[in-house]
>>> print(open('target.cif').read())   # mmCIF, C-alpha atoms and all ligand atoms
data_my_file
#
loop_
_atom_site.group_PDB
_atom_site.id
_atom_site.type_symbol
_atom_site.label_atom_id
_atom_site.label_comp_id
_atom_site.auth_asym_id
_atom_site.auth_seq_id
_atom_site.Cartn_x
_atom_site.Cartn_y
_atom_site.Cartn_z
ATOM 1 C CA MET A 11 16.116 20.942 -6.565
ATOM 2 C CA ILE A 12 13.974 19.533 -3.795
ATOM 3 C CA GLU A 13 12.304 22.113 -1.592
ATOM 4 C CA ASN A 14 13.684 22.793 1.874
ATOM 5 C CA LEU A 15 16.191 20.012 1.764
ATOM 6 C CA TYR A 16 19.356 20.860 3.605
ATOM 7 C CA LYS A 17 21.728 19.093 6.013
ATOM 8 C CA ILE A 18 22.205 16.145 3.681
ATOM 9 C CA PRO A 19 23.742 13.197 5.557
ATOM 10 C CA ASN A 20 27.184 12.320 4.260
ATOM 11 C CA HIS A 21 26.606 8.578 4.738
ATOM 12 C CA VAL A 22 23.272 6.741 4.743
ATOM 13 C CA ALA A 23 23.069 3.036 5.621
ATOM 14 C CA ILE A 24 19.953 0.999 4.817
ATOM 15 C CA ILE A 25 18.645 -2.330 6.105
ATOM 16 C CA MET A 26 16.593 -3.303 3.072
ATOM 17 C CA ASP A 27 13.958 -5.471 4.725
ATOM 18 C CA GLY A 28 10.521 -6.785 3.756
ATOM 19 C CA ASN A 29 11.031 -8.396 0.349
ATOM 20 C CA GLY A 30 9.529 -11.684 1.501
ATOM 21 C CA ARG A 31 6.435 -10.064 3.003
ATOM 22 C CA TRP A 32 5.959 -7.936 -0.119
ATOM 23 C CA ALA A 33 5.852 -11.130 -2.197
ATOM 24 C CA LYS A 34 3.686 -13.045 0.257
ATOM 25 C CA ARG A 35 1.033 -10.314 0.244
ATOM 26 C CA ARG A 36 0.769 -10.753 -3.501
ATOM 27 C CA GLY A 37 0.712 -14.548 -3.401
ATOM 28 C CA LEU A 38 4.166 -14.653 -5.016
ATOM 29 C CA GLN A 39 7.335 -16.587 -4.198
ATOM 30 C CA ARG A 40 9.774 -14.824 -1.857
ATOM 31 C CA ILE A 41 12.332 -14.522 -4.650
ATOM 32 C CA GLU A 42 9.908 -12.325 -6.586
ATOM 33 C CA GLY A 43 10.131 -9.921 -3.660
ATOM 34 C CA HIS A 44 13.917 -9.928 -3.907
ATOM 35 C CA ARG A 45 13.678 -9.298 -7.638
ATOM 36 C CA GLU A 46 11.322 -6.374 -7.068
ATOM 37 C CA GLY A 47 13.679 -5.181 -4.340
ATOM 38 C CA THR A 48 16.455 -4.731 -6.899
ATOM 39 C CA LYS A 49 14.348 -2.007 -8.547
ATOM 40 C CA ALA A 50 14.230 -0.168 -5.240
ATOM 41 C CA VAL A 51 18.029 -0.509 -5.028
ATOM 42 C CA GLU A 52 18.418 1.228 -8.365
ATOM 43 C CA ARG A 53 15.981 4.041 -7.433
ATOM 44 C CA THR A 54 17.712 4.509 -4.105
ATOM 45 C CA ILE A 55 21.236 4.714 -5.556
ATOM 46 C CA LYS A 56 20.182 7.257 -8.193
ATOM 47 C CA PHE A 57 18.271 9.388 -5.718
ATOM 48 C CA ALA A 58 21.042 9.333 -3.118
ATOM 49 C CA ARG A 59 23.574 10.366 -5.703
ATOM 50 C CA ASN A 60 21.367 13.169 -6.995
ATOM 51 C CA VAL A 61 20.722 14.733 -3.586
ATOM 52 C CA GLY A 62 24.437 14.708 -2.803
ATOM 53 C CA ILE A 63 24.822 11.803 -0.374
ATOM 54 C CA LYS A 64 28.454 10.678 -0.594
ATOM 55 C CA TYR A 65 28.257 7.156 0.870
ATOM 56 C CA LEU A 66 25.358 4.712 0.707
ATOM 57 C CA THR A 67 25.681 1.344 2.463
ATOM 58 C CA LEU A 68 23.109 -1.336 1.648
ATOM 59 C CA PHE A 69 22.624 -4.513 3.693
ATOM 60 C CA ALA A 70 22.099 -7.192 1.039
ATOM 61 C CA PHE A 71 22.834 -10.477 2.815
ATOM 62 C CA SER A 72 23.810 -11.208 6.409
ATOM 63 C CA THR A 73 25.953 -14.023 7.781
ATOM 64 C CA GLU A 74 22.711 -15.290 9.386
ATOM 65 C CA ASN A 75 20.821 -15.326 6.083
ATOM 66 C CA TRP A 76 22.611 -18.591 5.109
ATOM 67 C CA GLN A 77 20.158 -20.278 7.466
ATOM 68 C CA ARG A 78 17.289 -19.648 5.051
ATOM 69 C CA PRO A 79 16.051 -22.477 2.797
ATOM 70 C CA PRO A 80 18.733 -23.326 0.185
ATOM 71 C CA GLU A 81 16.373 -22.494 -2.698
ATOM 72 C CA GLU A 82 16.039 -18.936 -1.422
ATOM 73 C CA VAL A 83 19.779 -18.553 -0.756
ATOM 74 C CA ASN A 84 20.585 -19.883 -4.243
ATOM 75 C CA ALA A 85 18.043 -17.605 -5.851
ATOM 76 C CA ILE A 86 19.466 -14.571 -4.001
ATOM 77 C CA MET A 87 23.014 -15.473 -5.076
ATOM 78 C CA SER A 88 21.987 -15.849 -8.748
ATOM 79 C CA LEU A 89 20.100 -12.580 -8.563
ATOM 80 C CA LEU A 90 23.175 -10.865 -7.152
ATOM 81 C CA VAL A 91 25.424 -12.080 -9.957
ATOM 82 C CA GLU A 92 22.875 -11.057 -12.584
ATOM 83 C CA TYR A 93 22.203 -7.686 -10.998
ATOM 84 C CA ILE A 94 25.795 -6.645 -10.339
ATOM 85 C CA ASN A 95 26.929 -7.526 -13.861
ATOM 86 C CA GLN A 96 23.933 -5.861 -15.439
ATOM 87 C CA LYS A 97 24.163 -2.598 -13.482
ATOM 88 C CA ILE A 98 27.872 -1.818 -13.804
ATOM 89 C CA PRO A 99 27.407 0.412 -16.901
ATOM 90 C CA LEU A 100 24.631 2.354 -15.160
ATOM 91 C CA LEU A 101 26.834 2.923 -12.109
ATOM 92 C CA ILE A 102 29.644 4.199 -14.305
ATOM 93 C CA GLU A 103 27.204 6.474 -16.161
ATOM 94 C CA ASN A 104 26.112 7.920 -12.814
ATOM 95 C CA ASP A 105 29.722 8.169 -11.593
ATOM 96 C CA VAL A 106 28.988 5.834 -8.654
ATOM 97 C CA ARG A 107 31.760 3.714 -7.178
ATOM 98 C CA LEU A 108 30.855 0.216 -6.008
ATOM 99 C CA LEU A 109 32.480 -1.481 -3.023
ATOM 100 C CA PHE A 110 31.642 -4.683 -1.176
ATOM 101 C CA MET A 111 32.064 -5.475 2.456
ATOM 102 C CA GLY A 112 31.744 -8.792 4.293
ATOM 103 C CA ARG A 113 33.344 -12.221 4.531
ATOM 104 C CA LYS A 114 34.365 -13.749 1.221
ATOM 105 C CA GLU A 115 34.097 -17.320 2.533
ATOM 106 C CA LYS A 116 31.040 -19.297 1.375
ATOM 107 C CA LEU A 117 30.229 -16.851 -1.444
ATOM 108 C CA TRP A 118 29.922 -18.444 -4.881
ATOM 109 C CA ASP A 119 32.833 -17.949 -7.286
ATOM 110 C CA SER A 120 30.479 -16.241 -9.720
ATOM 111 C CA VAL A 121 29.458 -13.798 -6.974
ATOM 112 C CA LEU A 122 33.106 -13.096 -6.089
ATOM 113 C CA LYS A 123 33.889 -12.530 -9.754
ATOM 114 C CA ALA A 124 30.991 -10.099 -10.198
ATOM 115 C CA MET A 125 32.065 -8.261 -7.030
ATOM 116 C CA GLU A 126 35.614 -7.899 -8.294
ATOM 117 C CA LYS A 127 34.441 -6.741 -11.696
ATOM 118 C CA GLY A 128 32.080 -4.199 -10.138
ATOM 119 C CA GLU A 129 34.786 -2.786 -7.882
ATOM 120 C CA ASN A 130 37.413 -2.634 -10.619
ATOM 121 C CA GLU A 131 35.247 -1.095 -13.298
ATOM 122 C CA THR A 132 33.827 1.627 -11.051
ATOM 123 C CA ALA A 133 37.096 2.355 -9.237
ATOM 124 C CA ARG A 134 37.454 5.821 -10.757
ATOM 125 C CA CYS A 135 33.860 6.974 -10.107
ATOM 126 C CA LYS A 136 33.709 9.838 -7.632
ATOM 127 C CA SER A 137 30.214 11.288 -7.164
ATOM 128 C CA MET A 138 29.104 8.685 -4.628
ATOM 129 C CA THR A 139 30.304 5.373 -3.153
ATOM 130 C CA THR A 140 27.813 2.531 -2.750
ATOM 131 C CA ILE A 141 28.906 -0.169 -0.326
ATOM 132 C CA ILE A 142 27.035 -3.456 -0.580
ATOM 133 C CA THR A 143 27.381 -5.568 2.538
ATOM 134 C CA LEU A 144 27.284 -9.199 1.541
ATOM 135 C CA ASN A 145 27.830 -12.131 3.905
ATOM 136 C CA TYR A 146 28.274 -9.388 6.469
ATOM 137 C CA SER A 147 27.543 -9.065 10.157
ATOM 138 C CA GLY A 148 28.741 -6.528 12.682
ATOM 139 C CA ARG A 149 29.977 -9.180 15.122
ATOM 140 C CA ALA A 150 31.836 -11.047 12.382
ATOM 141 C CA GLU A 151 33.532 -7.785 11.427
ATOM 142 C CA ILE A 152 34.560 -7.109 15.026
ATOM 143 C CA VAL A 153 35.931 -10.645 15.462
ATOM 144 C CA ASP A 154 37.797 -10.476 12.134
ATOM 145 C CA THR A 155 39.218 -7.135 13.229
ATOM 146 C CA VAL A 156 40.385 -8.513 16.579
ATOM 147 C CA ASN A 157 42.048 -11.459 14.824
ATOM 148 C CA LYS A 158 43.880 -9.099 12.465
ATOM 149 C CA ILE A 159 45.073 -7.093 15.466
ATOM 150 C CA LEU A 160 46.291 -10.224 17.280
ATOM 151 C CA LYS A 161 48.216 -11.286 14.163
ATOM 152 C CA SER A 162 49.863 -7.869 14.017
ATOM 153 C CA GLY A 163 51.343 -8.584 17.458
ATOM 154 C CA LYS A 164 49.733 -5.609 19.210
ATOM 155 C CA LYS A 165 48.990 -6.099 22.915
ATOM 156 C CA GLU A 166 46.916 -2.998 23.508
ATOM 157 C CA ILE A 167 44.945 -0.762 21.198
ATOM 158 C CA THR A 168 43.047 2.530 21.092
ATOM 159 C CA GLU A 169 39.672 3.077 19.396
ATOM 160 C CA GLU A 170 41.361 4.991 16.585
ATOM 161 C CA GLU A 171 43.824 2.151 15.957
ATOM 162 C CA PHE A 172 41.060 -0.454 16.217
ATOM 163 C CA LYS A 173 39.168 1.296 13.438
ATOM 164 C CA LYS A 174 42.168 1.068 11.144
ATOM 165 C CA PHE A 175 41.969 -2.737 11.273
ATOM 166 C CA MET A 176 38.283 -2.893 10.318
ATOM 167 C CA TYR A 177 37.014 -3.897 6.834
ATOM 168 C CA ARG A 178 36.798 -0.393 5.358
ATOM 169 C CA PRO A 179 38.510 2.097 7.662
ATOM 170 C CA GLU A 180 38.409 4.803 4.994
ATOM 171 C CA ILE A 181 34.595 4.951 4.990
ATOM 172 C CA PRO A 182 33.164 7.476 7.485
ATOM 173 C CA GLU A 183 30.531 6.255 9.952
ATOM 174 C CA PRO A 184 26.867 6.470 8.857
ATOM 175 C CA ASP A 185 24.952 9.618 9.807
ATOM 176 C CA LEU A 186 21.562 8.044 9.156
ATOM 177 C CA LEU A 187 20.343 4.439 9.285
ATOM 178 C CA ILE A 188 17.068 3.564 7.582
ATOM 179 C CA ARG A 189 15.307 0.241 8.149
ATOM 180 C CA THR A 190 12.241 -0.639 6.122
ATOM 181 C CA SER A 191 9.429 -3.125 6.872
ATOM 182 C CA GLY A 192 8.522 -2.023 10.385
ATOM 183 C CA GLU A 193 11.106 -4.056 12.314
ATOM 184 C CA LYS A 194 12.906 -1.989 14.897
ATOM 185 C CA ARG A 195 16.194 -3.759 15.306
ATOM 186 C CA ILE A 196 19.750 -3.644 14.000
ATOM 187 C CA SER A 197 19.976 -7.375 13.077
ATOM 188 C CA ASN A 198 23.765 -7.480 13.467
ATOM 189 C CA PHE A 199 24.417 -4.690 10.964
ATOM 190 C CA LEU A 200 27.236 -2.162 11.469
ATOM 191 C CA LEU A 201 27.523 -2.565 15.247
ATOM 192 C CA TRP A 202 30.670 -0.511 15.755
ATOM 193 C CA GLN A 203 29.898 2.141 13.150
ATOM 194 C CA LEU A 204 26.330 2.869 14.288
ATOM 195 C CA ALA A 205 27.388 4.148 17.725
ATOM 196 C CA TYR A 206 26.157 7.722 17.021
ATOM 197 C CA THR A 207 24.044 7.182 13.907
ATOM 198 C CA GLU A 208 20.505 8.617 13.769
ATOM 199 C CA LEU A 209 17.968 5.787 13.377
ATOM 200 C CA TYR A 210 14.891 5.936 11.157
ATOM 201 C CA PHE A 211 12.295 3.192 10.839
ATOM 202 C CA THR A 212 9.498 2.987 8.295
ATOM 203 C CA ASP A 213 6.724 0.411 7.825
ATOM 204 C CA THR A 214 7.165 0.560 4.056
ATOM 205 C CA LEU A 215 8.417 -2.739 2.643
ATOM 206 C CA TRP A 216 11.698 -2.516 0.751
ATOM 207 C CA PRO A 217 10.251 -3.106 -2.777
ATOM 208 C CA ASP A 218 7.894 -0.135 -2.161
ATOM 209 C CA PHE A 219 10.668 2.184 -0.954
ATOM 210 C CA ASP A 220 10.883 5.114 -3.357
ATOM 211 C CA GLU A 221 12.069 8.721 -3.661
ATOM 212 C CA ASP A 222 9.199 10.060 -1.510
ATOM 213 C CA GLU A 223 9.973 7.579 1.252
ATOM 214 C CA PHE A 224 13.659 8.425 1.124
ATOM 215 C CA LEU A 225 12.837 12.117 1.239
ATOM 216 C CA LYS A 226 10.683 11.569 4.349
ATOM 217 C CA ALA A 227 13.673 10.009 6.070
ATOM 218 C CA LEU A 228 15.915 12.904 5.017
ATOM 219 C CA TYR A 229 13.431 15.511 6.307
ATOM 220 C CA ASP A 230 13.211 13.629 9.587
ATOM 221 C CA TYR A 231 17.009 13.550 9.830
ATOM 222 C CA GLN A 232 17.116 17.313 9.260
ATOM 223 C CA SER A 233 15.175 17.887 12.443
ATOM 224 C CA ARG A 234 17.506 15.802 14.622
ATOM 225 C CA GLU A 235 19.926 17.457 16.982
ATOM 226 C CA ARG A 236 23.104 15.402 17.111
ATOM 227 C CA ARG A 237 24.867 15.946 20.380
ATOM 228 C CA PHE A 238 27.450 13.166 20.543
ATOM 229 C CA GLY A 239 27.231 13.261 24.318
ATOM 230 C CA LYS A 240 27.971 16.967 24.562
ATOM 231 C CA VAL A 241 25.910 19.952 25.655
ATOM 232 C CA LEU A 242 25.174 22.237 22.746
ATOM 233 C CA ASP A 243 25.318 26.022 23.204
ATOM 234 C CA GLU A 244 21.984 27.502 24.210
HETATM 235 C C1 LIG A 301 15.278 -8.546 3.049
HETATM 236 O O1 LIG A 301 13.995 -9.038 2.901
HETATM 237 C C2 LIG A 301 16.262 -9.177 2.098
HETATM 238 C C3 LIG A 301 17.195 -10.139 2.715
HETATM 239 C C4 LIG A 301 17.329 -10.365 3.976
HETATM 240 C C5 LIG A 301 18.047 -10.887 1.797
HETATM 241 P P1 LIG A 301 13.497 -10.349 3.640
HETATM 242 O O2 LIG A 301 13.748 -11.507 2.749
HETATM 243 O O3 LIG A 301 14.106 -10.437 4.985
HETATM 244 O O4 LIG A 301 11.946 -10.086 3.737
HETATM 245 P P2 LIG A 301 10.999 -10.420 4.979
HETATM 246 O O5 LIG A 301 11.589 -9.760 6.178
HETATM 247 O O6 LIG A 301 10.962 -11.901 5.114
HETATM 248 O O7 LIG A 301 9.695 -9.821 4.597
HETATM 249 C C1 LIG A 302 18.473 -8.079 7.856
HETATM 250 O O1 LIG A 302 17.206 -8.557 7.570
HETATM 251 C C2 LIG A 302 19.435 -8.481 6.777
HETATM 252 C C3 LIG A 302 19.238 -7.854 5.478
HETATM 253 C C4 LIG A 302 18.384 -6.921 5.185
HETATM 254 C C5 LIG A 302 20.111 -8.317 4.438
HETATM 255 P P1 LIG A 302 16.659 -9.938 8.164
HETATM 256 O O2 LIG A 302 15.302 -10.111 7.596
HETATM 257 O O3 LIG A 302 17.650 -11.004 7.905
HETATM 258 O O4 LIG A 302 16.632 -9.650 9.727
HETATM 259 P P2 LIG A 302 15.721 -10.278 10.876
HETATM 260 O O5 LIG A 302 15.811 -11.759 10.724
HETATM 261 O O6 LIG A 302 14.344 -9.778 10.662
HETATM 262 O O7 LIG A 302 16.305 -9.764 12.146
HETATM 263 MG MG MG A 303 13.543 -9.754 6.818
#
>>> encode(input="target.cif", output="structure tokens")
Amino acid sequence: MIENLYKIPNHVAIIMDGNGRWAKRRGLQRIEGHREGTKAVERTIKFARNVGIKYLTLFAFSTENWQRPPEEVNAIMSLLVEYINQKIPLLIENDVRLLFMGRKEKLWDSVLKAMEKGENETARCKSMTTIITLNYSGRAEIVDTVNKILKSGKKEITEEEFKKFMYRPEIPEPDLLIRTSGEKRISNFLLWQLAYTELYFTDTLWPDFDEDEFLKALYDYQSRERRFGKVLDE
């Protein structure tokens, strides 16, 4: 048990940023930063599961990230295939369900296959759900949602109904968003879902993110008063 840890967020979303800078500082290729970043992913999933977080969403690749040099994009895609396939047994062992979210278009067949395998093989795991957002952006999700609604023939819609047309309506909204690497922006992540999420920024680069860093974010979250626009009783 970790001392004085209470008020565990149900859903934590993370913008895993700073892999490139981590590598650059060491005179390494950017891809080495991404490779090191996968170790932080594993630590983070295990820790989240062990403290009782129920949903963990990780931003792995944005729709804008295709604009990076092709060598980097290719290396990230290969790393994804390798990593997903390799880690499925560990996820099952930890009773962690894997889901993906984002546009399927443009993703390599081998990536799509690994995604499907990961989702299928962990489908019965219940302790925590990890959602990897891949070829994802918040605006793309909103536009895809609107197009689905138009196809359904609806002429008018409520917020509740809108939500039902989104990629993963069953997943509750994040309580806490963590972004590493010192940047203080959302970079087109979960635009709709983050409406009332608590934001936490750390200068730590993603490959250096560990249990202590995660714990710092959780302690900070504990001290937040979430009002959702209301006045709380004095
Ligand atoms: C985050 O690290 C990983 C991806 C966006 C795929 P970056 O690659 O953005 O690292 P920096 O921001 O350049 O340091
Ligand atoms: C956000 O990081 C996307 C991911 C972490 C996958 P970026 O590095 O792409 O964001 P910007 O370019 O700094 O806004
Ligand atoms: Mg970055």
>>> closest_residue(input="target.cif", among="A:Gly37, A:Gly62, A:Pro179, A:Gly112", to="ligand LIG 302 (chain A)", atoms="all atoms listed in the file")
A:Gly112
>>> closest_residue(input="target.cif", among="A:Glu74, A:Glu131, A:Glu235, A:Glu183", to="Lys17 (chain A)", atoms="all atoms listed in the file")
A:Glu235
>>> closest_residue(input="target.cif", among="A:Pro217, A:Gly28, A:Pro79, A:Pro182", to="ligand LIG 302 (chain A)", atoms="all atoms listed in the file")
A:Gly28
>>> residues_near_ligand(input="target.cif", ligand="ligand LIG 302 (chain A)", cutoff="9 Å", atoms="only C-alpha atoms and all ligand atoms", output="PyMOL selection string")
chain A and resi 24-30+68-75+143-147+189-190+193-199
>>> atom_distance(input="target.cif", atom1="atom P2 of ligand LIG 301 (chain A)", atom2="CA of Asp213 (chain A)")
12.0 Å
>>> atom_distance(input="target.cif", atom1="atom O7 of ligand LIG 301 (chain A)", atom2="CA of Gly192 (chain A)")
9.8 Å
